[in-house]
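> Below you'll find data-v2.txt; it's compact mmCIF, C-alpha atoms and all ligand atoms.
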# COMPACT_ATOMS: atom_id res chain seq x y z
CA MET A 1 9.39 36.22 -28.57
CA ILE A 2 8.80 32.50 -28.63
CA ARG A 3 6.31 31.29 -31.19
CA VAL A 4 4.11 28.46 -29.96
CA SER A 5 1.31 26.79 -31.82
CA LEU A 6 -2.14 26.65 -30.27
CA SER A 7 -2.09 22.86 -29.85
CA TYR A 8 1.30 23.03 -28.12
CA LEU A 9 0.01 25.82 -25.87
CA ILE A 10 -3.03 23.72 -24.92
CA LEU A 11 -0.73 20.79 -24.15
CA ILE A 12 1.44 22.96 -21.88
CA TYR A 13 -1.65 24.31 -20.15
CA LEU A 14 -3.02 20.81 -19.54
CA LEU A 15 0.32 19.57 -18.20
CA LEU A 16 0.59 22.52 -15.85
CA MET A 17 -2.97 22.09 -14.58
CA LEU A 18 -3.16 18.29 -14.38
CA GLY A 19 0.42 17.63 -13.29
CA PRO A 20 -0.02 18.82 -9.67
CA ILE A 21 -3.34 16.99 -9.41
CA PHE A 22 -1.72 13.78 -10.61
CA GLY A 23 1.20 14.32 -8.23
CA ALA A 24 -1.14 14.90 -5.29
CA TRP A 25 -3.07 11.75 -6.20
CA LEU A 26 0.15 9.69 -6.34
CA PHE A 27 1.29 11.12 -3.00
CA SER A 28 -2.03 10.39 -1.28
CA GLU A 29 -2.06 6.86 -2.72
CA TRP A 30 1.47 6.28 -1.42
CA ARG A 31 0.45 7.53 2.03
CA ARG A 32 -2.68 5.34 2.04
CA GLN A 33 -0.71 2.21 1.16
CA ARG A 34 1.87 3.04 3.82
CA ARG A 35 -0.84 3.42 6.49
CA GLU A 36 -2.44 0.18 5.36
CA ARG A 37 0.86 -1.72 5.59
CA ALA A 38 1.49 -0.29 9.06
CA ALA A 39 -2.00 -1.29 10.19
CA PHE A 40 -1.64 -4.88 8.94
CA ARG A 41 2.01 -5.35 9.94
CA HIS A 42 1.19 -7.54 12.94
CA ILE A 43 -1.83 -9.31 11.45
CA LEU A 44 -1.04 -12.88 10.44
CA ARG A 45 -3.03 -15.66 8.81
CA CYS A 46 -2.56 -19.24 9.88
CA LYS A 47 -1.51 -21.56 7.06
CA LEU A 48 -3.43 -24.48 8.52
CA CYS A 49 -6.74 -23.12 9.82
CA ALA A 50 -6.76 -19.78 7.90
CA GLY A 51 -7.56 -17.94 11.11
CA GLU A 52 -6.32 -14.38 11.36
CA TYR A 53 -4.67 -13.16 14.53
CA ALA A 54 -2.53 -10.31 15.74
CA ASP A 55 0.99 -10.98 16.97
CA PRO A 56 2.81 -7.80 18.04
CA THR A 57 5.88 -9.73 19.20
CA SER A 58 8.96 -10.12 17.02
CA THR A 59 9.20 -13.90 17.19
CA ILE A 60 10.19 -15.59 13.95
CA LEU A 61 7.52 -18.29 14.11
CA PRO A 62 4.44 -17.02 15.95
CA ARG A 63 2.03 -19.64 17.24
CA CYS A 64 -1.59 -19.61 16.06
CA PRO A 65 -3.92 -19.11 19.06
CA HIS A 66 -6.63 -21.20 17.40
CA CYS A 67 -4.82 -24.42 16.43
CA GLY A 68 -1.30 -23.97 17.84
CA THR A 69 0.52 -24.23 14.51
CA LEU A 70 3.77 -22.32 14.07
CA ASN A 71 3.47 -19.94 11.10
CA GLU A 72 6.02 -18.01 9.13
CA ARG A 73 5.79 -14.28 9.43
CA SER A 74 4.54 -13.00 6.10
CA GLY A 75 2.13 -10.17 5.45
CA LEU A 76 -1.41 -10.60 4.28
CA SER A 77 -1.79 -10.54 0.56
CA ARG A 78 -4.37 -8.28 -0.96
CA LEU A 79 -6.88 -9.58 -3.44
ZN ZN B 101 -4.32 -21.92 13.09
In structure tokens, what does this structure look like?
Ligand SMILES: [Zn+2]

Amino acid sequence: MIRVSLSYLILIYLLLMLGPIFGAWLFSEWRRQRRERAAFRHILRCKLCAGEYADPTSTILPRCPHCGTLNERSGLSRL
């Protein structure tokens, strides 16, 4: 028989109960961020006029429909 102190037993119980919840939270957060990145993949912000527009093409320098500036393809940064 394995002797375990009460505090160690409580720690094991908490790890077993909270571990799956923490893992599910991490998994759902990973899925949410992945969906968000996929949704904003083609959304660009113009460097000159700060207008946002969608460009589903794969051109390297998409042209802003508002001012006509060529912009580099970089994702939107989150605040
Ligand atoms: Zn622009």
> With ligand ZN 101 (chain B) as the partner and 12 Å as the cut-off, tabulate the residues of chain A that qualify, each row holding the nearest pair of atoms and their distance in Å to one decimal, using all atoms listed in the file, sorted by chain and rising number, as a Markdown table.

| residue | atom | partner | partner_atom | distance |
| --- | --- | --- | --- | --- |
| A:Leu44 | CA | B:ZN101 | ZN | 10.0 |
| A:Arg45 | CA | B:ZN101 | ZN | 7.7 |
| A:Cys46 | CA | B:ZN101 | ZN | 4.5 |
| A:Lys47 | CA | B:ZN101 | ZN | 6.7 |
| A:Leu48 | CA | B:ZN101 | ZN | 5.3 |
| A:Cys49 | CA | B:ZN101 | ZN | 4.2 |
| A:Ala50 | CA | B:ZN101 | ZN | 6.1 |
| A:Gly51 | CA | B:ZN101 | ZN | 5.5 |
| A:Glu52 | CA | B:ZN101 | ZN | 8.0 |
| A:Tyr53 | CA | B:ZN101 | ZN | 8.9 |
| A:Pro62 | CA | B:ZN101 | ZN | 10.4 |
| A:Arg63 | CA | B:ZN101 | ZN | 7.9 |
| A:Cys64 | CA | B:ZN101 | ZN | 4.6 |
| A:Pro65 | CA | B:ZN101 | ZN | 6.6 |
| A:His66 | CA | B:ZN101 | ZN | 4.9 |
| A:Cys67 | CA | B:ZN101 | ZN | 4.2 |
| A:Gly68 | CA | B:ZN101 | ZN | 6.0 |
| A:Thr69 | CA | B:ZN101 | ZN | 5.5 |
| A:Leu70 | CA | B:ZN101 | ZN | 8.2 |
| A:Asn71 | CA | B:ZN101 | ZN | 8.3 |
| A:Glu72 | CA | B:ZN101 | ZN | 11.7 |
> Between atom CA of A:Arg73 and atom CA of A:Phe27, measure the distance and give it in Å to one decimal.
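Computing it gives 28.6 Å between the two atoms.
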> One decimal, Å: what's the distance from atom CA of A:Ala54 over to atom CA of A:Arg41, could you say?
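So the two atoms, atom CA of A:Ala54 and atom CA of A:Arg41, lie 8.9 Å apart.
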> Rank nothing, just name the residue among A:Pro20, A:Ser7, A:Ser58, A:Ser74 nearest to A:Arg37, using only C-alpha atoms.
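Distance minimum relative to A:Arg37 lands on A:Ser74.
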> To one decimal place in Å, what is the distance between atom CA of A:Phe40 and atom CA of A:Thr59?
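A separation of 16.3 Å between them.
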